[in-house]
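Dumped target38.csv below, it's CSV, C-alpha atoms and all ligand atoms:
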```csv
chain,number,residue,atom,x,y,z
A,170,MET,CA,88.7,98.1,43.1
A,171,VAL,CA,91.3,100.4,41.6
A,172,ASN,CA,94.1,98.7,39.7
A,173,PHE,CA,97.6,100.1,39.0
A,174,LEU,CA,100.6,99.0,37.0
A,175,ILE,CA,104.0,100.1,38.3
A,176,PHE,CA,106.2,100.1,35.4
A,177,GLY,CA,109.8,100.9,34.4
A,178,PRO,CA,113.2,99.3,33.5
A,179,PRO,CA,115.1,96.9,35.8
A,180,GLY,CA,116.4,98.9,38.8
A,181,SER,CA,113.9,101.7,38.3
A,182,GLY,CA,112.5,101.2,41.8
A,183,LYS,CA,109.3,99.2,41.1
A,184,GLY,CA,109.7,96.7,43.8
A,185,THR,CA,111.0,99.2,46.3
A,186,GLN,CA,108.1,101.6,45.8
A,187,SER,CA,105.4,98.9,45.5
A,188,VAL,CA,106.0,97.7,49.0
A,189,LYS,CA,105.5,101.2,50.4
A,190,LEU,CA,102.5,102.1,48.1
A,191,ALA,CA,100.7,98.8,48.8
A,192,GLU,CA,100.9,99.4,52.6
A,193,LYS,CA,99.8,103.1,52.4
A,194,PHE,CA,96.8,102.4,50.1
A,195,ASN,CA,95.8,98.9,51.2
A,196,LEU,CA,96.6,97.5,47.7
A,197,MET,CA,97.4,93.8,46.9
A,198,HIS,CA,101.0,93.9,45.7
A,199,LEU,CA,101.6,91.3,43.0
A,200,SER,CA,105.2,91.0,41.9
A,201,THR,CA,105.9,88.3,39.3
A,202,GLY,CA,109.6,88.6,40.0
A,203,ASP,CA,109.0,87.8,43.7
A,204,MET,CA,106.6,84.9,42.7
A,205,LEU,CA,109.2,83.4,40.4
A,206,ARG,CA,112.0,83.7,42.9
A,207,ALA,CA,109.7,82.0,45.5
A,208,GLU,CA,109.2,79.2,43.0
A,209,ILE,CA,112.9,78.9,42.5
A,210,ALA,CA,113.5,78.9,46.3
A,211,SER,CA,111.0,76.1,46.8
A,212,GLY,CA,113.0,73.9,44.4
A,213,THR,CA,110.1,72.9,42.1
A,214,GLU,CA,110.6,71.6,38.5
A,215,LEU,CA,109.1,74.9,37.2
A,216,GLY,CA,111.5,76.9,39.5
A,217,ARG,CA,114.5,75.1,38.1
A,218,LYS,CA,113.5,75.9,34.5
A,219,MET,CA,112.8,79.5,35.3
A,220,SER,CA,116.0,80.0,37.2
A,221,SER,CA,118.2,79.4,34.1
A,222,ILE,CA,116.1,81.9,32.0
A,223,MET,CA,116.1,84.6,34.7
A,224,SER,CA,119.9,84.3,35.4
A,225,LYS,CA,120.5,85.1,31.8
A,226,GLY,CA,118.3,88.2,32.0
A,227,GLU,CA,115.6,86.9,29.6
A,228,LEU,CA,111.9,86.9,30.2
A,229,VAL,CA,110.1,83.7,31.3
A,230,PRO,CA,107.3,82.5,29.0
A,231,ASP,CA,104.1,84.6,29.1
A,232,GLU,CA,101.9,81.6,30.1
A,233,VAL,CA,103.9,80.9,33.2
A,234,VAL,CA,103.5,84.4,34.7
A,235,ILE,CA,99.8,84.7,33.6
A,236,GLU,CA,99.1,81.4,35.4
A,237,LEU,CA,100.8,82.7,38.6
A,238,ILE,CA,98.9,86.0,38.5
A,239,ALA,CA,95.5,84.5,37.8
A,240,SER,CA,95.6,82.3,40.9
A,241,LYS,CA,96.4,85.4,43.1
A,242,ILE,CA,93.7,87.6,41.6
A,243,ASP,CA,91.0,85.1,42.6
A,244,ALA,CA,92.4,84.6,46.1
A,245,THR,CA,92.4,88.3,47.0
A,246,ARG,CA,89.9,89.8,49.5
A,247,ASN,CA,89.4,93.0,51.4
A,248,ARG,CA,91.8,95.2,49.4
A,249,ALA,CA,91.3,98.6,47.7
A,250,GLY,CA,92.8,97.2,44.5
A,251,PHE,CA,95.8,95.6,42.9
A,252,LEU,CA,99.3,96.9,42.3
A,253,PHE,CA,100.9,94.9,39.6
A,254,ASP,CA,104.7,95.1,39.8
A,255,GLY,CA,106.9,93.8,36.9
A,256,PHE,CA,103.8,92.5,35.2
A,257,PRO,CA,102.8,92.8,32.4
A,258,ARG,CA,106.2,92.7,30.6
A,259,THR,CA,104.9,92.0,27.0
A,260,VAL,CA,102.0,93.3,25.0
A,261,ALA,CA,100.6,89.8,25.1
A,262,GLN,CA,100.7,89.8,28.9
A,263,THR,CA,98.9,93.2,28.9
A,264,ALA,CA,96.1,91.9,26.7
A,265,GLU,CA,95.7,88.9,29.0
A,266,LEU,CA,95.7,91.0,32.1
A,267,GLU,CA,93.0,93.2,30.7
A,268,LYS,CA,90.9,90.2,29.8
A,269,MET,CA,91.3,88.7,33.3
A,270,LEU,CA,90.3,92.0,34.9
A,271,ASN,CA,87.4,92.6,32.5
A,272,GLU,CA,86.0,89.2,33.1
A,273,ARG,CA,85.9,90.1,36.8
A,274,GLY,CA,84.3,93.6,36.2
A,275,MET,CA,87.6,95.5,36.6
A,276,LYS,CA,90.1,97.3,34.4
A,277,ILE,CA,93.6,98.7,34.5
A,278,ASP,CA,93.0,102.2,35.9
A,279,SER,CA,96.5,103.7,35.7
A,280,MET,CA,100.0,102.8,34.5
A,281,LEU,CA,102.7,104.6,36.5
A,282,VAL,CA,106.0,104.6,34.6
A,283,LEU,CA,109.2,105.4,36.5
A,284,ASP,CA,111.7,107.2,34.3
A,285,VAL,CA,115.3,106.6,35.3
A,286,ASP,CA,118.6,107.3,33.5
A,287,HIS,CA,120.5,104.2,32.1
A,288,ASP,CA,123.6,104.8,34.3
A,289,GLU,CA,121.6,105.1,37.4
A,290,LEU,CA,119.8,101.8,36.7
A,291,VAL,CA,123.2,100.0,36.3
A,292,LYS,CA,124.5,101.6,39.5
A,293,ARG,CA,121.5,100.6,41.6
A,294,LEU,CA,121.5,97.0,40.4
A,295,LEU,CA,125.3,96.5,40.9
A,296,LEU,CA,124.9,98.0,44.4
A,297,ARG,CA,122.1,95.5,45.1
A,298,ALA,CA,124.1,92.6,43.9
A,299,ASP,CA,126.0,92.2,47.1
A,300,GLN,CA,122.9,92.1,49.4
A,301,SER,CA,120.5,90.3,47.1
A,302,GLY,CA,122.6,87.4,45.9
A,303,ARG,CA,120.6,87.5,42.7
A,304,PRO,CA,122.5,86.1,39.8
A,305,ASP,CA,120.8,88.6,37.4
A,306,ASP,CA,122.3,91.6,39.4
A,307,LYS,CA,125.9,90.4,39.6
A,308,ASP,CA,127.0,90.5,36.0
A,309,LEU,CA,127.1,93.8,34.0
A,310,SER,CA,126.4,92.0,30.7
A,311,VAL,CA,123.2,90.4,32.2
A,312,ILE,CA,122.1,93.8,33.5
A,313,GLU,CA,122.6,95.3,30.0
A,314,CYS,CA,120.6,92.3,28.5
A,315,ARG,CA,117.7,93.0,31.0
A,316,ILE,CA,117.7,96.6,29.9
A,317,ASP,CA,117.7,95.7,26.2
A,318,VAL,CA,114.9,93.2,26.8
A,319,TYR,CA,112.9,95.9,28.5
A,320,LYS,CA,113.4,98.2,25.5
A,321,SER,CA,112.5,95.6,22.9
A,322,LYS,CA,109.7,93.6,24.6
A,323,THR,CA,108.3,95.7,27.5
A,324,GLU,CA,108.5,99.3,26.4
A,325,PRO,CA,106.0,98.8,23.6
A,326,ILE,CA,103.3,98.5,26.3
A,327,ILE,CA,103.7,102.2,27.0
A,328,ASP,CA,102.3,103.0,23.5
A,329,TYR,CA,99.5,100.5,24.1
A,330,CYS,CA,98.6,102.2,27.4
A,331,ARG,CA,99.1,105.7,26.1
A,332,LYS,CA,96.4,105.1,23.5
A,333,LYS,CA,94.0,104.0,26.3
A,334,GLY,CA,94.7,107.2,28.2
A,335,ILE,CA,96.1,105.5,31.3
A,336,TYR,CA,99.8,106.3,30.9
A,337,LYS,CA,101.3,108.4,33.6
A,338,PRO,CA,105.1,109.1,33.6
A,339,VAL,CA,106.8,109.7,37.0
A,340,ASN,CA,110.3,111.1,37.5
A,341,GLY,CA,112.1,108.1,39.1
A,342,MET,CA,115.4,110.0,39.8
A,343,GLY,CA,116.1,111.1,43.4
A,344,SER,CA,115.7,109.7,46.9
A,345,ILE,CA,113.3,106.8,47.6
A,346,ASP,CA,111.1,109.2,49.7
A,347,GLU,CA,111.0,111.9,47.0
A,348,ILE,CA,109.9,109.3,44.4
A,349,PHE,CA,107.3,107.8,46.8
A,350,ASP,CA,105.8,111.3,47.3
A,351,ARG,CA,105.5,111.8,43.5
A,352,LEU,CA,103.8,108.3,43.1
A,353,CYS,CA,101.4,109.0,46.0
A,354,GLY,CA,100.4,112.3,44.3
A,355,SER,CA,99.6,110.4,41.1
A,356,MET,CA,97.6,107.6,42.9
A,357,GLU,CA,95.7,109.8,45.3
A,358,SER,CA,93.5,111.2,42.5
A,359,PHE,CA,92.2,107.7,41.9
A,360,LEU,CA,91.8,106.5,45.5
A,361,ASN,CA,90.2,109.5,47.1
A,401,LIG,P1,111.9,91.8,38.8
A,401,LIG,O1,111.9,91.0,40.0
A,401,LIG,O2,110.6,92.4,38.3
A,401,LIG,O3,113.1,92.8,39.0
A,401,LIG,P2,113.6,94.1,38.3
A,401,LIG,O4,112.9,94.5,37.0
A,401,LIG,O5,115.0,93.8,38.2
A,401,LIG,O6,113.3,95.3,39.3
A,401,LIG,P3,113.1,95.3,40.8
A,401,LIG,O7,111.7,95.7,41.1
A,401,LIG,O8,113.6,94.1,41.5
A,401,LIG,O9,114.2,96.4,41.3
A,401,LIG,P4,113.9,97.8,41.9
A,401,LIG,O10,113.8,98.6,40.6
A,401,LIG,O11,112.9,98.0,42.9
A,401,LIG,O12,112.3,90.8,37.6
A,401,LIG,C1,113.4,89.9,37.6
A,401,LIG,C2,113.4,88.9,36.5
A,401,LIG,O13,112.2,88.0,36.6
A,401,LIG,C3,113.2,89.4,35.1
A,401,LIG,O14,114.5,89.8,34.5
A,401,LIG,C4,112.6,88.2,34.3
A,401,LIG,O15,113.5,87.2,34.0
A,401,LIG,C5,111.6,87.7,35.4
A,401,LIG,N1,110.2,88.2,35.3
A,401,LIG,C6,109.6,88.9,36.3
A,401,LIG,N2,108.4,89.2,35.8
A,401,LIG,C7,108.2,88.7,34.6
A,401,LIG,C8,107.1,88.7,33.6
A,401,LIG,N3,106.0,89.4,33.9
A,401,LIG,N4,107.3,88.1,32.4
A,401,LIG,C9,108.4,87.5,32.2
A,401,LIG,N5,109.5,87.4,33.0
A,401,LIG,C10,109.4,88.0,34.2
A,401,LIG,O16,115.2,98.2,42.7
A,401,LIG,C11,116.5,97.9,42.3
A,401,LIG,C12,117.6,98.4,43.3
A,401,LIG,O17,117.6,99.8,43.3
A,401,LIG,C13,117.3,98.0,44.8
A,401,LIG,O18,118.5,97.7,45.4
A,401,LIG,C14,116.7,99.3,45.4
A,401,LIG,O19,117.0,99.4,46.8
A,401,LIG,C15,117.4,100.4,44.6
A,401,LIG,N6,116.7,101.6,44.6
A,401,LIG,C16,115.4,101.7,44.3
A,401,LIG,N7,115.0,103.0,44.3
A,401,LIG,C17,116.2,103.7,44.5
A,401,LIG,C18,116.5,105.1,44.6
A,401,LIG,N8,115.5,106.1,44.4
A,401,LIG,N9,117.7,105.5,44.8
A,401,LIG,C19,118.7,104.6,45.0
A,401,LIG,N10,118.5,103.2,44.9
A,401,LIG,C20,117.2,102.8,44.7
```

Turn the structure described in the file into structure tokens.
Ligand code: B4P
Amino acid sequence: MVNFLIFGPPGSGKGTQSVKLAEKFNLMHLSTGDMLRAEIASGTELGRKMSSIMSKGELVPDEVVIELIASKIDATRNRAGFLFDGFPRTVAQTAELEKMLNERGMKIDSMLVLDVDHDELVKRLLLRADQSGRPDDKDLSVIECRIDVYKSKTEPIIDYCRKKGIYKPVNGMGSIDEIFDRLCGSMESFLN
């Protein structure tokens, strides 16, 4: 199996592109954001706790997302690989993901990082706010907090992956189709 991370700040297009890429390359798309929102929608105790963290733009605890991901990895069959979207978000999550994959005879093959200007991120998230109803999209100060959290806690993963030779920057500015073509170009070398 070939395993990709799709990486970038909030609003960079990770979720948007992941859906298209997973379909094209028969990858298992695992989005921790979607999993957490499903937990909130089902009204569980865990969901209630996570809801208050996410609506402030903070990260939920590492152990919560690691647990969610581990159960999905073992349940996956008949896919060319995994596409991890929004996970990992801390260096600790990255080390844990590597461990989980190594124990199953796999590794992270490539980290695709979407580069998008700050103002474009804010514009996209505010535009989505009306359709998504997501509390973390509605408020400019929460959006700025999410971008700050990305810089302080998530961006250090780039250095970690660069040292491993798996870092691949991708221009995330332009239309959804243009960016999709760039990502496909980067992924095809691994999948063909
Ligand atoms: P996520 O669900 O991962 O959401 P996100 O980072 O905001 O990006 P998303 O994938 O949704 O948006 P996209 O860029 O595709 O995380 C939400 C929260 O969950 C986090 O803040 C955190 O609290 C928690 N969480 C999730 N994973 C976690 C983890 N591992 N550890 C701890 N906490 C975790 O798209 C945004 C908008 O832009 C869309 O409306 C889209 O249509 C639009 N768009 C995309 N590409 C475009 C383009 N090229 N042009 C114009 N618009 C575009």

Under the rule of at most 7 Å, produce a per-residue listing of stretch 242-287 of chain A near stretch 326-342 of chain A: chain, number, name, the closest pair of atoms, and the distance in Å, as a tab-separated table, using all atoms listed in the file.
```
residue	atom	partner	partner_atom	distance
A:Thr259	CA	A:Ile326	CA	6.7
A:Val260	CA	A:Ile326	CA	5.5
A:Asp278	CA	A:Ile335	CA	6.5
A:Ser279	CA	A:Ile335	CA	4.8
A:Met280	CA	A:Tyr336	CA	5.0
A:Leu281	CA	A:Lys337	CA	5.0
A:Val282	CA	A:Pro338	CA	4.7
A:Leu283	CA	A:Gly341	CA	4.7
A:Asp284	CA	A:Gly341	CA	4.9
A:Val285	CA	A:Gly341	CA	5.2
```

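Counting only C-alpha atoms, A:Asn247 has the following residues at most 10 Å away, ignoring those fewer than 5 positions along the same chain: Met170, Asn195, Leu196 and Met197 of chain A.
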
Top pick for closest residue to A:Ser181, considering A:Lys307, A:His198, A:Arg351, A:Arg293 and counting all atoms listed in the file: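 Answer, going by the shortest atom-to-atom distance: A:Arg293.
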
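The space between atom CA of A:Leu309 and atom CA of A:Gly184 spans 20.2 Å.
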
Nearby residues, ligand LIG 401 (chain A), 7 Å, all atoms listed in the file, as a ChimeraX atom specification: /A:178-186,200-203,205,222-223,226-231,234,254-258,293-294,296-297,315,341-345,348

Nearest residue to A:Glu236 from the set A:Lys193, A:Phe176, A:Glu265, A:Glu289 (distances using all atoms listed in the file):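 Comparing A:Lys193, A:Phe176, A:Glu265, A:Glu289 against A:Glu236, the winner is A:Glu265.
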
Coordinates-based distance that separates atom CA of A:Ala239 from atom CA of A:Gln262 (Å, one decimal): 11.6 Å

Of the listed residues A:Gly274, A:Lys268, A:Pro304, A:Ile312, that which approaches A:Asp288 most closely, counting all atoms listed in the file: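 Residue with the minimum atom-to-atom distance to A:Asp288: A:Ile312.
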
Point-to-point distance in Å for atom CA of A:Thr263 and atom CA of A:Ser355: 21.1 Å

Selected residue, from A:Arg273, A:Lys189, A:His287, A:Arg303, that lies nearest to A:Ile209 when counting all atoms listed in the file: A:Arg303

Residue nearest A:Glu192 - candidates A:Lys322, A:Lys276, A:Arg248, A:Lys225, atoms counted: all atoms listed in the file: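 Closest residue, counting all atoms listed in the file: A:Arg248.
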
Top pick for closest residue to A:Cys353, considering A:Glu267, A:Lys292, A:Ser187, A:Met219 and counting only C-alpha atoms: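 Selected residue with least distance to A:Cys353: A:Ser187.
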